[in-house]
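Structure record follows, encoded as structure tokens.
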Amino acid sequence: MIRLIPAELMQAVTAPSPLTGSPSTPVHGISCEDLIQVYAQHLQVNIRPYLRDLQEIQLRRCPESGFRFYFPQKVVGDDAFYRALAVHGWYYQEEKWEFAEALRFLPSRGKILEVGPGKGGFMRTCLTIRPALKVTGLELNQEAVEAAKNLGLDVRQETLERHAEAHGESYDAVCAFQVLEHIPEPLSFLRDCLRVLKPGGLLMVAVPDSTARQPPSPLAVPEDPLNMPPHHQGLWDVPSLVFLSRILPLRLCHLGWEKVEKEGQIDNYARYVRTGLKSHFGGILGRLLHTLGRPYLRVCLRSLAPFLPGHSLFAVFQRVEDARG
């Protein structure tokens with residue numbers, strides 16, 4: 001279990017918001033030693049090399065946007081880290097809720113760029129349903145690139161920054177699904193997305209809904225290591241996504257919430273609730289509730305599923321002409 005360090009006990013640091021540059025405020029700290037142990041236990045990944053000599057990682061909040069981010073911003077996973085995660089069959093999903101959502105907004109023809117396509121699940125869906133589209137992917141995981149290329153997809157092991165240098169205003173839409181939360185400098189990333197977009201083009205992003213009430217948030221479930229460095233660098237929610245249209249030449253066209261539909265999602269909810277009960281009550285009572293709650297929670301949650309928010313938020317922005325870009 002990860003021990004959360006109260007803000008008043010954290011080391012005083014100067015940590016500007018990656019969205020606005022304004023001084024941030026502390027939320028809580030995370031013990032690095034705990035984080036190492038949880039990654040090893042739950043995911044069989046050794047993250048010690050990424051933490052170096054750090055004792056704690058801080059979760060901080062931008063006062064203007066509400067965006068929460070981890071500091072220092074140097075604890076970032078590399079290709080080896082993501083190869084280790086890819087061993088788990090569930091990591092690169094072939095189907096995601098946001099794929100169908102994005103297809104509602106994509107044009108029937110034109111050029112589409114997907115940043116972080118993994119093995120190309122969304123690209124294949126696009127080309128099947130919209131065969132007139134030309135879809136390009138940028139992926140840093142070498143094994144995922146090779147798998148996508150073996151399927152005949154145009155996926156390149158190239159950074160968005162480098163791609164933008166040669167492909168300015170080339171694309172009708174840019175898609176980044178479950179990517180933005182991995183970026184330690186999201187403002188630079190989003191500006192590069194704008195550089196490759198045609199005027200009036202669409203930027204579509206999907207992120208884990210890290211609203212404090214949501215189970216995926218470490219504020220609710222400290223034991224979930226995938227919402228922490230070196231995997232996730234920031235926690236996005238509705239206010240922080242909406243805020244992007246205030247600092248970038250973007251107009252928010254659509255914002256949608258995933259709903260719980262699959263059995264796997266219900267299982268995740270049940271696991272989060274049981275873990276929360278165990279953490280809250282502790283001791284014998286906490287372990288008892290964690291164990292006995294398994295069958296009953298799934299039945300209750302299945303009946304409540306239509307009213308439960310799912311894993312992700314999906315936002316569609318349109319590039320507009322504005323001096324802020």
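In the structure tokens, each chain is lettered A, B, ... as it comes, each chain's residues begin at 1, and ligands are numbered from 1 in order of appearance.
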Considering only C-alpha atoms, return as a list of chain:residue names whatever protein or nucleic-acid residues lie within 8 Å of range 35-49 of chain A, sequence-local ones (same chain, fewer than 5 positions apart) excluded.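 Listed by chain and then number, they are A:Met1, A:Ile2, A:Ile30, A:Phe81, A:Ala84, A:Leu85, A:Glu223, A:Pro225, A:Pro230.
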Compile the contact shell of Ala206 in chain A as a PyMOL selection string: residues with an atom at most 10 Å away, counting only C-alpha atoms, same-chain residues fewer than 3 positions apart removed. chain A and resi 97-99+101-102+175-181+209+236+255-258+311-316
Rounded to one decimal, what separation in Å do you get between CA of Val207 in chain A and CA of Ser24 in chain A?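 Interatomic distance, CA of Val207 in chain A to CA of Ser24 in chain A: 21.7 Å.
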Nearest to Pro184 in chain A by atom-to-atom distance, counting only C-alpha atoms, from A:Thr128, A:Ser17, A:Gln55, A:Thr25: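 Distance minimum relative to Pro184 in chain A lands on A:Ser17.
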Using only C-alpha atoms, what does the table of range 85-104 of chain A residues within 10 Å of range 117-121 of chain A look like, with each row giving the shortest atom pair and its distance in Å to one decimal, sorted by chain and ascending number, as CSV?
residue,atom,partner,partner_atom,distance
A:Ala86,CA,A:Gly118,CA,9.9
A:Tyr91,CA,A:Gly118,CA,9.6
A:Tyr92,CA,A:Gly118,CA,6.5
A:Gln93,CA,A:Gly121,CA,7.4
A:Glu94,CA,A:Gly121,CA,4.7
A:Glu95,CA,A:Gly121,CA,6.5
A:Lys96,CA,A:Gly121,CA,8.7
A:Phe99,CA,A:Gly121,CA,8.8
Only C-alpha atoms, please: the residues just picked out, written as a compact mmCIF listing (two decimals), in the first residue's frame.
# COMPACT_ATOMS: atom_id res chain seq x y z
CA ALA A 86 3.02 -4.72 -22.61
CA TYR A 91 -2.33 -3.14 -21.64
CA TYR A 92 -2.76 -2.54 -25.39
CA GLN A 93 -6.49 -2.88 -25.95
CA GLU A 94 -7.78 -3.52 -29.44
CA GLU A 95 -11.12 -1.87 -28.70
CA LYS A 96 -11.82 1.22 -26.63
CA PHE A 99 -12.78 4.74 -30.83
Nearest residue to Ala144 in chain A from the set A:Leu226, A:Leu4, A:Leu9, A:Val87 (distances using only C-alpha atoms):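 Looking only at the distances to Ala144 in chain A, the closest residue turns out to be A:Val87.
You can rank A:Gly21, A:Pro72, A:Gly110, A:Gly234 by their closest distance to Arg130 in chain A using only C-alpha atoms, and at the top of that list sits A:Gly110.
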With only C-alpha atoms as the counted atoms, please give the residues lying no more than 9 Å from Met10 in chain A, apart from itself and same-chain residues fewer than 4 positions off, as a list in words.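 With the cut-off at 9 Å, the set is Ile5, Pro6, Pro26, His28, Gly29, Glu56 and Gln58 of chain A.
Rounded to one decimal, CA of Ser245 in chain A and CA of Val75 in chain A lie 27.8 Å from each other.
Closest approach to Leu203 in chain A among A:Gln318, A:His231, A:Leu244, A:Thr159: A:Gln318, based on only C-alpha atoms.
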Write out as a ChimeraX atom specification the set of residues from range 20-159 of chain A that DSSP, computed on the backbone, places in strand (DSSP E). /A:25-31,56-61,68-71,110-115,133-138,154-156
Considering only C-alpha atoms, can you say which of A:Arg319, A:Lys111, A:Lys149, A:Arg156 comes closest to Val135 in chain A?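 Ranking A:Arg319, A:Lys111, A:Lys149, A:Arg156 by distance to Val135 in chain A, first place goes to A:Lys111.
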Excluding Pro199 in chain A and residues on its chain fewer than 2 positions from it, collect all residues at most 10 Å away from it, counting only C-alpha atoms, and give them as a list of chain:residue names. A:Glu169, A:Ser170, A:Tyr171, A:Asp172, A:Leu194, A:Arg195, A:Val196, A:Leu197, A:Gly201, A:Leu202, A:Gln318, A:Arg319, A:Val320, A:Glu321
